[in-house]
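Structure data (mmCIF, C-alpha atoms and all ligand atoms) from upload31.cif:
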```
data_entry
loop_
_atom_site.label_atom_id
_atom_site.label_comp_id
_atom_site.auth_asym_id
_atom_site.auth_seq_id
_atom_site.Cartn_x
_atom_site.Cartn_y
_atom_site.Cartn_z
CA MET A 1 -1.06 16.37 -0.34
CA ASN A 2 2.54 17.46 -0.23
CA ILE A 3 1.83 20.27 -2.65
CA ARG A 4 0.22 22.75 -0.33
CA THR A 5 -2.00 22.74 2.68
CA THR A 6 -5.72 23.12 2.27
CA LYS A 7 -7.21 26.44 3.26
CA ASN A 8 -10.47 25.08 4.65
CA TRP A 9 -10.46 21.72 6.31
CA GLU A 10 -13.81 22.44 7.89
CA LEU A 11 -16.90 23.99 6.41
CA PRO A 12 -19.06 26.39 8.39
CA GLU A 13 -21.78 24.76 10.46
CA SER A 14 -24.38 26.25 8.11
CA ALA A 15 -23.17 24.05 5.26
CA VAL A 16 -23.98 20.89 7.21
CA THR A 17 -27.26 19.17 6.43
CA ALA A 18 -28.43 16.76 9.09
CA GLU A 19 -28.84 13.29 7.64
CA SER A 20 -32.53 13.04 8.58
CA ILE A 21 -33.23 16.25 6.68
CA TYR A 22 -31.18 14.94 3.77
CA ARG A 23 -33.23 11.73 3.62
CA LEU A 24 -36.53 13.63 3.55
CA ARG A 25 -35.39 16.01 0.89
CA ASN A 26 -33.96 13.18 -1.18
CA ARG A 27 -37.24 11.27 -1.09
CA ARG A 28 -39.14 14.37 -2.15
CA ASP A 29 -36.71 14.99 -5.01
CA PHE A 30 -37.15 11.41 -6.09
CA LEU A 31 -40.94 11.58 -6.17
CA LYS A 32 -40.74 14.83 -8.06
CA ALA A 33 -38.33 13.29 -10.57
CA ALA A 34 -40.56 10.24 -11.01
CA GLY A 35 -43.51 12.53 -11.76
CA VAL A 36 -41.51 14.41 -14.32
CA ALA A 37 -40.49 11.14 -15.93
CA THR A 38 -44.08 10.06 -16.55
CA ALA A 39 -44.51 13.41 -18.30
CA GLY A 40 -41.84 12.16 -20.69
CA LEU A 41 -39.04 14.61 -19.98
CA LEU A 42 -35.41 13.59 -20.07
CA MET A 43 -33.95 12.80 -16.66
CA PRO A 44 -30.71 11.18 -15.52
CA ARG A 45 -31.22 7.46 -16.03
CA ALA A 46 -29.69 6.46 -12.73
CA LEU A 47 -32.52 8.11 -10.78
CA PHE A 48 -35.02 5.49 -11.87
CA GLY A 49 -33.12 2.33 -11.28
CA ALA A 50 -33.60 1.43 -14.94
CA THR A 51 -29.81 1.42 -15.06
CA GLY A 52 -27.42 1.62 -12.19
CA GLY A 53 -29.54 -0.67 -10.04
CA PHE A 54 -30.79 1.99 -7.58
CA PRO A 55 -32.06 1.77 -4.94
CA ALA A 56 -29.50 -0.60 -3.46
CA LYS A 57 -30.20 -2.90 -0.55
CA GLU A 58 -27.97 -2.28 2.47
CA ASN A 59 -25.50 -5.06 3.17
CA PRO A 60 -26.29 -6.01 6.81
CA LEU A 61 -22.56 -6.49 7.53
CA TYR A 62 -21.91 -2.75 7.01
CA PRO A 63 -25.02 -0.92 8.15
CA ALA A 64 -25.65 2.76 8.76
CA SER A 65 -26.77 1.79 12.27
CA ALA A 66 -23.16 0.84 13.14
CA LEU A 67 -21.44 4.01 11.86
CA LYS A 68 -23.05 7.43 11.62
CA PRO A 69 -22.69 8.64 8.02
CA THR A 70 -21.15 12.05 7.40
CA PRO A 71 -23.79 14.40 5.94
CA TYR A 72 -24.21 14.24 2.16
CA GLU A 73 -23.34 17.92 1.77
CA LEU A 74 -19.92 17.34 3.32
CA VAL A 75 -19.15 14.08 1.51
CA THR A 76 -19.80 15.86 -1.79
CA SER A 77 -18.08 19.18 -1.07
CA TYR A 78 -14.92 18.19 0.84
CA ASN A 79 -13.02 16.20 -1.79
CA ASN A 80 -9.59 15.22 -3.00
CA PHE A 81 -9.63 14.96 -6.79
CA TYR A 82 -6.54 16.75 -8.10
CA GLU A 83 -7.70 16.48 -11.70
CA PHE A 84 -10.19 19.19 -10.73
CA GLY A 85 -8.10 21.36 -8.43
CA LEU A 86 -6.10 21.21 -5.22
CA ASP A 87 -8.51 22.70 -2.70
CA LYS A 88 -11.18 20.60 -1.05
CA ASP A 89 -14.05 22.62 -2.53
CA ASP A 90 -12.58 22.75 -6.07
CA PRO A 91 -13.79 19.36 -7.40
CA LYS A 92 -17.47 20.05 -6.72
CA GLN A 93 -17.26 23.26 -8.70
CA ASN A 94 -14.83 22.26 -11.45
CA ALA A 95 -16.22 18.78 -12.20
CA LYS A 96 -19.82 19.96 -12.42
CA ASN A 97 -20.17 19.89 -16.19
CA TRP A 98 -17.72 17.10 -16.93
CA LYS A 99 -19.32 14.31 -18.97
CA THR A 100 -19.24 10.83 -17.39
CA GLU A 101 -21.94 9.13 -19.44
CA PRO A 102 -21.59 7.01 -21.50
CA TRP A 103 -18.53 5.42 -19.85
CA THR A 104 -16.50 2.37 -20.80
CA VAL A 105 -14.26 0.29 -18.56
CA GLU A 106 -11.62 -1.96 -20.06
CA LEU A 107 -10.60 -5.27 -18.45
CA ALA A 108 -7.14 -6.22 -19.65
CA GLY A 109 -3.91 -8.06 -18.95
CA LEU A 110 -3.46 -11.59 -17.61
CA ILE A 111 -7.12 -12.65 -17.75
CA ASN A 112 -9.33 -14.94 -19.81
CA ASN A 113 -12.18 -12.46 -20.21
CA SER A 114 -10.66 -9.21 -21.46
CA GLY A 115 -12.79 -6.61 -23.17
CA LYS A 116 -14.53 -3.27 -22.94
CA PHE A 117 -17.71 -2.94 -20.93
CA ASP A 118 -20.27 -0.17 -20.71
CA VAL A 119 -20.49 0.71 -17.02
CA ASN A 120 -24.24 0.02 -16.82
CA ASP A 121 -23.81 -3.37 -18.53
CA LEU A 122 -21.02 -4.13 -16.08
CA ILE A 123 -23.27 -3.32 -13.10
CA ALA A 124 -25.93 -5.63 -14.53
CA LYS A 125 -23.34 -8.40 -14.95
CA MET A 126 -22.38 -7.91 -11.29
CA GLY A 127 -25.96 -8.68 -10.32
CA GLY A 128 -26.72 -5.09 -9.37
CA ILE A 129 -25.53 -3.04 -6.42
CA GLU A 130 -25.61 -3.07 -2.62
CA GLY A 131 -25.15 -0.41 0.06
CA ARG A 132 -22.22 -0.44 2.49
CA VAL A 133 -21.33 2.15 5.12
CA TYR A 134 -17.55 2.38 5.50
CA ARG A 135 -15.07 4.53 7.38
CA HIS A 136 -12.92 6.71 5.11
CA ARG A 137 -9.49 7.81 6.40
CA CYS A 138 -7.34 10.14 4.31
CA VAL A 139 -3.56 10.04 4.72
CA GLU A 140 -3.88 13.76 5.59
CA ALA A 141 -5.33 12.66 8.98
CA TRP A 142 -9.01 13.47 8.50
CA SER A 143 -11.90 11.05 8.28
CA MET A 144 -15.52 10.62 7.25
CA VAL A 145 -18.12 7.88 7.17
CA VAL A 146 -19.55 7.27 3.70
CA PRO A 147 -22.62 5.26 2.69
CA TRP A 148 -21.47 3.80 -0.63
CA ASP A 149 -23.46 1.92 -3.25
CA GLY A 150 -21.73 -0.49 -5.59
CA PHE A 151 -20.47 -4.04 -5.82
CA ALA A 152 -17.68 -6.22 -4.40
CA LEU A 153 -14.46 -5.93 -6.39
CA ALA A 154 -14.13 -9.72 -5.98
CA LYS A 155 -17.11 -10.14 -8.33
CA LEU A 156 -15.36 -8.15 -11.03
CA VAL A 157 -12.15 -10.15 -10.55
CA THR A 158 -14.21 -13.33 -10.95
CA LEU A 159 -15.74 -11.95 -14.16
CA ALA A 160 -12.25 -11.07 -15.48
CA ASP A 161 -11.08 -14.64 -14.71
CA PRO A 162 -7.37 -14.06 -13.95
CA LYS A 163 -4.71 -16.45 -15.22
CA ALA A 164 -2.35 -18.10 -12.73
CA GLU A 165 0.40 -15.54 -13.50
CA ALA A 166 -1.75 -12.59 -12.41
CA LYS A 167 -0.61 -11.33 -9.00
CA PHE A 168 -1.67 -7.66 -8.97
CA VAL A 169 -4.49 -5.45 -10.22
CA LYS A 170 -3.68 -2.08 -11.76
CA PHE A 171 -6.34 0.65 -11.97
CA THR A 172 -6.15 3.63 -14.33
CA SER A 173 -8.17 6.85 -14.20
CA PHE A 174 -9.22 8.81 -17.29
CA ASN A 175 -6.90 11.14 -19.19
CA ASP A 176 -8.83 14.15 -20.52
CA PRO A 177 -6.71 17.32 -20.28
CA LYS A 178 -8.93 19.09 -22.81
CA ASN A 179 -11.91 19.05 -20.45
CA VAL A 180 -10.23 18.61 -17.07
CA PRO A 181 -8.31 21.67 -15.84
CA GLY A 182 -6.08 19.92 -13.28
CA GLN A 183 -4.69 17.62 -15.98
CA ARG A 184 -3.28 20.65 -17.77
CA GLN A 185 -1.11 21.20 -14.68
CA PRO A 186 1.83 18.94 -13.84
CA ASN A 187 0.75 18.55 -10.18
CA LEU A 188 0.74 14.77 -10.47
CA ASP A 189 1.68 12.27 -13.18
CA TRP A 190 -1.47 11.81 -15.25
CA PRO A 191 -3.45 9.68 -15.55
CA TYR A 192 -3.83 8.78 -11.86
CA VAL A 193 -2.98 5.09 -11.31
CA GLU A 194 -3.32 2.72 -8.37
CA GLY A 195 -2.85 -0.94 -7.59
CA LEU A 196 -3.69 -3.79 -5.25
CA ARG A 197 -2.30 -7.23 -4.69
CA LEU A 198 -4.72 -9.78 -6.18
CA ASP A 199 -5.54 -11.21 -2.73
CA GLU A 200 -6.32 -7.68 -1.48
CA ALA A 201 -8.62 -7.18 -4.47
CA MET A 202 -10.39 -10.44 -3.58
CA ASN A 203 -10.90 -9.42 0.06
CA GLU A 204 -14.57 -9.04 0.99
CA LEU A 205 -14.10 -5.34 1.87
CA ALA A 206 -12.67 -4.21 -1.49
CA PHE A 207 -15.49 -2.42 -3.26
CA ILE A 208 -16.29 -0.63 -6.50
CA ALA A 209 -18.58 2.29 -5.71
CA THR A 210 -21.07 3.56 -8.25
CA GLY A 211 -23.09 5.65 -5.83
CA ILE A 212 -23.37 7.32 -2.46
CA TYR A 213 -26.45 7.90 -0.32
CA GLY A 214 -28.56 5.77 -2.68
CA LYS A 215 -27.90 7.68 -5.87
CA ALA A 216 -25.31 7.83 -8.62
CA LEU A 217 -21.85 9.08 -7.63
CA PRO A 218 -21.49 12.82 -8.11
CA ASN A 219 -18.59 13.68 -10.43
CA GLN A 220 -16.50 15.04 -7.55
CA ASN A 221 -16.66 11.65 -5.80
CA GLY A 222 -15.37 9.77 -8.85
CA ALA A 223 -18.27 9.13 -11.22
CA PRO A 224 -19.21 6.78 -12.61
CA LEU A 225 -17.15 4.22 -10.68
CA ARG A 226 -14.24 4.30 -8.24
CA LEU A 227 -12.35 1.99 -5.92
CA VAL A 228 -13.04 1.88 -2.15
CA THR A 229 -10.60 0.06 0.17
CA PRO A 230 -11.64 1.22 3.64
CA TRP A 231 -8.67 -0.29 5.53
CA LYS A 232 -6.27 1.79 3.40
CA TYR A 233 -5.65 5.51 3.15
CA GLY A 234 -8.03 7.30 0.82
CA PHE A 235 -5.52 7.83 -1.97
CA LYS A 236 -5.83 4.12 -2.86
CA GLY A 237 -9.47 4.81 -3.74
CA ILE A 238 -8.86 5.79 -7.36
CA LYS A 239 -11.72 7.70 -8.97
CA SER A 240 -13.36 7.54 -12.40
CA ILE A 241 -11.68 4.31 -13.52
CA VAL A 242 -11.32 3.54 -17.23
CA LYS A 243 -9.06 0.48 -17.11
CA ILE A 244 -8.48 -2.48 -14.80
CA GLU A 245 -5.47 -4.55 -15.73
CA PHE A 246 -4.11 -7.75 -14.22
CA THR A 247 -0.34 -7.92 -13.96
CA ALA A 248 2.46 -10.17 -12.75
CA LYS A 249 4.48 -7.30 -11.28
CA GLN A 250 3.51 -4.70 -8.69
CA PRO A 251 2.13 -1.69 -10.58
CA ALA A 252 3.10 1.92 -9.90
CA ASN A 253 0.75 4.08 -7.86
CA THR A 254 0.58 7.83 -8.39
CA TRP A 255 1.33 9.14 -4.88
CA ASN A 256 4.20 6.69 -4.47
CA VAL A 257 5.67 7.99 -7.74
CA MET A 258 5.20 11.56 -6.45
CA ALA A 259 6.90 11.01 -3.07
CA ALA A 260 8.02 7.44 -2.35
CA ASN A 261 9.26 8.21 1.16
CA GLU A 262 5.84 9.57 2.15
CA TYR A 263 3.33 7.34 0.33
CA GLY A 264 3.78 3.61 -0.11
CA PHE A 265 2.14 0.96 -2.25
CA TYR A 266 0.27 -0.67 0.65
CA ALA A 267 -1.00 2.51 2.36
CA ASN A 268 -2.69 0.52 5.12
CA VAL A 269 -4.12 2.76 7.83
CA ASN A 270 -1.73 2.34 10.75
CA PRO A 271 -1.71 4.65 13.81
CA LYS A 272 1.78 3.43 14.72
CA VAL A 273 3.47 4.31 11.44
CA ASP A 274 3.62 8.08 11.11
CA HIS A 275 3.81 10.05 7.91
CA PRO A 276 7.30 11.67 7.80
CA ARG A 277 5.69 15.09 8.32
CA TRP A 278 2.79 14.32 10.71
CA SER A 279 1.41 11.78 13.15
CA GLN A 280 -1.13 9.18 12.05
CA ALA A 281 -2.19 8.38 15.63
CA SER A 282 -5.40 10.42 15.46
CA GLU A 283 -7.75 11.97 12.94
CA ARG A 284 -10.03 15.00 12.51
CA ILE A 285 -13.64 14.01 11.98
CA ILE A 286 -15.05 16.04 9.10
CA GLY A 287 -18.23 17.68 10.32
CA GLY A 288 -17.26 16.93 13.91
CA GLY A 289 -16.55 20.53 14.88
CA PHE A 290 -13.70 21.56 17.15
CA ALA A 291 -14.06 18.53 19.45
CA GLY A 292 -14.20 16.19 16.46
CA LYS A 293 -11.04 14.20 16.87
CA LYS A 294 -10.52 10.52 17.54
CA ALA A 295 -7.81 7.90 17.80
CA THR A 296 -7.03 6.21 14.49
CA LEU A 297 -7.65 2.45 14.52
CA MET A 298 -5.34 -0.22 13.09
CA PHE A 299 -6.46 -0.95 9.52
CA ASN A 300 -9.05 1.79 10.13
CA GLY A 301 -11.07 -0.56 12.32
CA TYR A 302 -11.10 -3.45 9.82
CA GLU A 303 -8.40 -5.59 11.45
CA LYS A 304 -10.64 -8.65 11.69
CA GLU A 305 -11.28 -8.63 7.94
CA VAL A 306 -7.80 -7.83 6.59
CA ALA A 307 -5.02 -8.53 9.13
CA GLY A 308 -4.55 -12.00 7.62
CA LEU A 309 -3.42 -10.44 4.33
CA TYR A 310 -0.30 -9.02 5.97
CA GLN A 311 0.79 -11.84 8.30
CA GLY A 312 4.55 -11.75 8.78
CA MET A 313 5.01 -8.49 6.86
CA ASN A 314 6.93 -5.59 8.37
CA LEU A 315 4.29 -2.85 8.16
CA SER A 316 6.80 -0.06 8.86
CA ARG A 317 8.81 -1.12 5.84
CA TYR A 318 5.77 -1.82 3.66
CA TYR A 319 3.86 1.36 4.50
N1 LIG B 401 -8.29 10.03 -9.88
C1 LIG B 401 -8.13 10.41 -8.60
N2 LIG B 401 -8.55 9.58 -7.62
C2 LIG B 401 -8.42 9.95 -6.31
C3 LIG B 401 -7.78 11.16 -5.95
C4 LIG B 401 -7.34 12.02 -7.01
O1 LIG B 401 -6.79 13.11 -6.80
N3 LIG B 401 -7.55 11.61 -8.31
N4 LIG B 401 -7.62 11.50 -4.61
C5 LIG B 401 -7.62 10.38 -3.65
C6 LIG B 401 -7.67 10.80 -2.25
S1 LIG B 401 -6.25 11.45 -1.60
C7 LIG B 401 -8.77 10.61 -1.45
S2 LIG B 401 -8.75 10.98 0.21
C8 LIG B 401 -10.04 10.13 -2.03
C9 LIG B 401 -11.14 11.14 -1.73
O2 LIG B 401 -12.38 10.64 -2.09
P1 LIG B 401 -13.69 11.53 -1.82
O3 LIG B 401 -13.44 12.88 -2.41
O4 LIG B 401 -14.81 10.81 -2.47
O5 LIG B 401 -13.82 11.60 -0.31
O6 LIG B 401 -9.98 9.95 -3.43
C10 LIG B 401 -8.76 9.40 -3.92
N5 LIG B 401 -8.88 9.12 -5.34
MO MO B 402 -6.47 11.27 0.69
#
```
Give the structure from the file, written as structure tokens.
Ligand SMILES: Nc1nc2c(c(=O)[nH]1)N[C@H]1C(S)=C(S)[C@@H](COP(=O)(O)O)O[C@H]1N2
Ligand SMILES: [Mo]
Amino acid sequence: MNIRTTKNWELPESAVTAESIYRLRNRRDFLKAAGVATAGLLMPRALFGATGGFPAKENPLYPASALKPTPYELVTSYNNFYEFGLDKDDPKQNAKNWKTEPWTVELAGLINNSGKFDVNDLIAKMGGIEGRVYRHRCVEAWSMVVPWDGFALAKLVTLADPKAEAKFVKFTSFNDPKNVPGQRQPNLDWPYVEGLRLDEAMNELAFIATGIYGKALPNQNGAPLRLVTPWKYGFKGIKSIVKIEFTAKQPANTWNVMAANEYGFYANVNPKVDHPRWSQASERIIGGGFAGKKATLMFNGYEKEVAGLYQGMNLSRYY
């Protein structure tokens, strides 16, 4: 983000697939895959709902009818994932053959139920997955709308069963420099880490995504599971999580370590608190063309759900 500017913040119109076309094609792919499966060939497990819980039922509180999702092609080709390169189209290319199955997530720290969980077992323990369409606002002043699949982070916190001393949740991404080219570069401190206050983690909006558009997360979007906190800037949404730890003290977060005057711990979307090098008052809508700009909303439009978490806090100081 403060390393260099991206060379292509917009893709050519030809790269955009209308959502209706996407849906049709997706259904056809699915039927084709199901046919192949009965023939006994090996297919990704997540396609069948045998694991992963697909297809997910849309949560009526966050429906696609309220926010128009950004086309699948853009959500999966315009990415920030510095482990796989600095340009927006690098992760799709460079993460293509990276192995994310099987995958284990460790629950640790100040909890009663610590241990290592296979991601598919974890999803089953969560009671499966649901669909939620959320706004996504990057600190770089662009935005998308993403139809996620996954489960409420609050459910995972409940499973972990925090002790009274636990006040924060720390998330850690994988460390795999052998297979991940960006981790052989010192662009950021690896592994990528993030954190939330425990009450933020318990908020109804905080979500662990395991899919988008009704199928498993592509690697470039943080397979097999990543955090989604739609009222915060995108960098809080740590990808490809291997460890979730409950702590008494506020954990470090990677972009804050990189440039503390530019990226805070809270990272709440706030049109009135500018980044030192650019305004946060408005945002470019990815896929919106030249006219695609809009005013940024307080807490990214989720004020009703989260404002109570920050009552009495100075949001310019705690940016
Ligand atoms: N591990 C890891 N997680 C990460 C990042 C990263 O570089 N590495 N980038 C963050 C940023 S800045 C954003 S905007 C979102 C982008 O998510 P998306 O590519 O699915 O839109 O992922 C976040 N999570
Ligand atoms: Mo971001």
For this session: Calculate how many Å separate CA of Gln280 (chain A) from atom N1 of ligand LIG 401 (chain B), rounding to one decimal.
Result: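 Interatomic distance, CA of Gln280 (chain A) to atom N1 of ligand LIG 401 (chain B): 23.1 Å.
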Exercise. Looking at A:Ser65, A:Thr247, A:Thr254, A:Thr70, which one is nearest to Lys170 (chain A), with distances taken over all atoms listed in the file?
Worked result: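 Answer, going by the shortest atom-to-atom distance: A:Thr247.
Closest to Lys116 (chain A) among A:Ala260, A:Ala160, A:Val306, A:Val145 is A:Ala160, based on all atoms listed in the file.
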For this session: Counting all atoms listed in the file, name the residues that have an atom within 6 Å of an atom of ligand MO 402 (chain B); the answer should be given as a PyMOL selection string.
Result: chain A and resi 138-139+234-235
Problem set entry | Pairwise distance for CA of Tyr263 (chain A) and CA of Tyr319 (chain A), rounded to one decimal in Å |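 Result for CA of Tyr263 (chain A) versus CA of Tyr319 (chain A): 7.3 Å, one decimal.
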Exercise. Between A:Ala95, A:Leu227, A:Ala291, A:Ile285, which one has atoms that come closest to ligand LIG 401 (chain B), using all atoms listed in the file?
Worked result: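 Among the listed residues, the smallest separation from ligand LIG 401 (chain B) belongs to A:Leu227.
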Taking (-11.1, -0.6, -2.3) in the coordinates of the supplied file, I want to know which residues reach to within 6 Å of it, counting all atoms listed in the file; could you give the answer as a short mmCIF file (atom, residue, chain, number, x, y, z; two decimals) with C-alpha atoms, in the frame of the given file?
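Everything below was put into part.cif:
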```cif
data_model
loop_
_atom_site.label_atom_id
_atom_site.label_comp_id
_atom_site.auth_asym_id
_atom_site.auth_seq_id
_atom_site.Cartn_x
_atom_site.Cartn_y
_atom_site.Cartn_z
CA ALA A 206 -12.67 -4.21 -1.49
CA PHE A 207 -15.49 -2.42 -3.26
CA LEU A 227 -12.35 1.99 -5.92
CA VAL A 228 -13.04 1.88 -2.15
CA THR A 229 -10.60 0.06 0.17
CA GLY A 237 -9.47 4.81 -3.74
#
```
For this session: Name each residue within 9 Å of ligand LIG 401 (chain B), counting only C-alpha atoms and all ligand atoms, as a PyMOL selection string.
Result: chain A and resi 1+75-86+88+91+136-140+142-144+146+172-174+188+190-194+217-218+220-222+226-228+233-241+254-255
Seminar exercise, completed: Computed gap from CA of Ala307 (chain A) to CA of Val273 (chain A) is 15.6 Å
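The smallest atom-to-atom distance between Gln93 (chain A) and any of A:Pro181, A:Gly214, A:Gly312, A:Pro276, using all atoms listed in the file, is found for A:Pro181.
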Problem set entry | 8 Å contact set for Asn219 (chain A), all atoms listed in the file, chain neighbours under 4 positions out, as an MDAnalysis selection string | chainID A and resid 92 95:96 98 100 223:224
Take the residues from that selection and write them out as a PDB file, in the frame of the given file, keeping C-alpha atoms.
```pdb
ATOM      1  CA  LYS A  92     -17.470  20.050  -6.720  1.00  0.00           C
ATOM      2  CA  ALA A  95     -16.220  18.780 -12.200  1.00  0.00           C
ATOM      3  CA  LYS A  96     -19.820  19.960 -12.420  1.00  0.00           C
ATOM      4  CA  TRP A  98     -17.720  17.100 -16.930  1.00  0.00           C
ATOM      5  CA  THR A 100     -19.240  10.830 -17.390  1.00  0.00           C
ATOM      6  CA  ALA A 223     -18.270   9.130 -11.220  1.00  0.00           C
ATOM      7  CA  PRO A 224     -19.210   6.780 -12.610  1.00  0.00           C
TER       8      PRO A 224
END
```
Problem set entry | Pick from A:Lys155, A:Lys243, A:Arg197, A:Lys249, whichever lies nearest to Thr104 (chain A) using only C-alpha atoms |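 Smallest separation from Thr104 (chain A) among the options: A:Lys243.
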For this session: Give as an MDAnalysis selection string the set of residues within 6 Å of the point (-25.4, 3.4, -3.4), where distances use the file's coordinates and all atoms listed in the file.
Result: chainID A and resid 56 131 148:150 211:215
Problem set entry | Distance query region 60-62 of chain A at most 7 Å, all atoms listed in the file, self and fewer than 4 positions along chain excluded, as a ChimeraX atom specification | /A:132-134
Exercise. Between A:Ala141, A:Arg135, A:Gly292, A:Gly52, which has the minimum distance to Trp278 (chain A) (counting only C-alpha atoms)?
Worked result: A:Ala141
Can you tell me which residues surround Tyr266 (chain A) at a distance of at most 8 Å, considering all atoms listed in the file, apart from same-chain residues fewer than 4 positions away, and format the answer as a CSV table (one decimal) with C-alpha atoms, in the coordinates of the input?
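Output file around_23.csv is given in full below:
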```
chain,number,residue,atom,x,y,z
A,196,LEU,CA,-3.7,-3.8,-5.2
A,232,LYS,CA,-6.3,1.8,3.4
A,318,TYR,CA,5.8,-1.8,3.7
A,319,TYR,CA,3.9,1.4,4.5
```
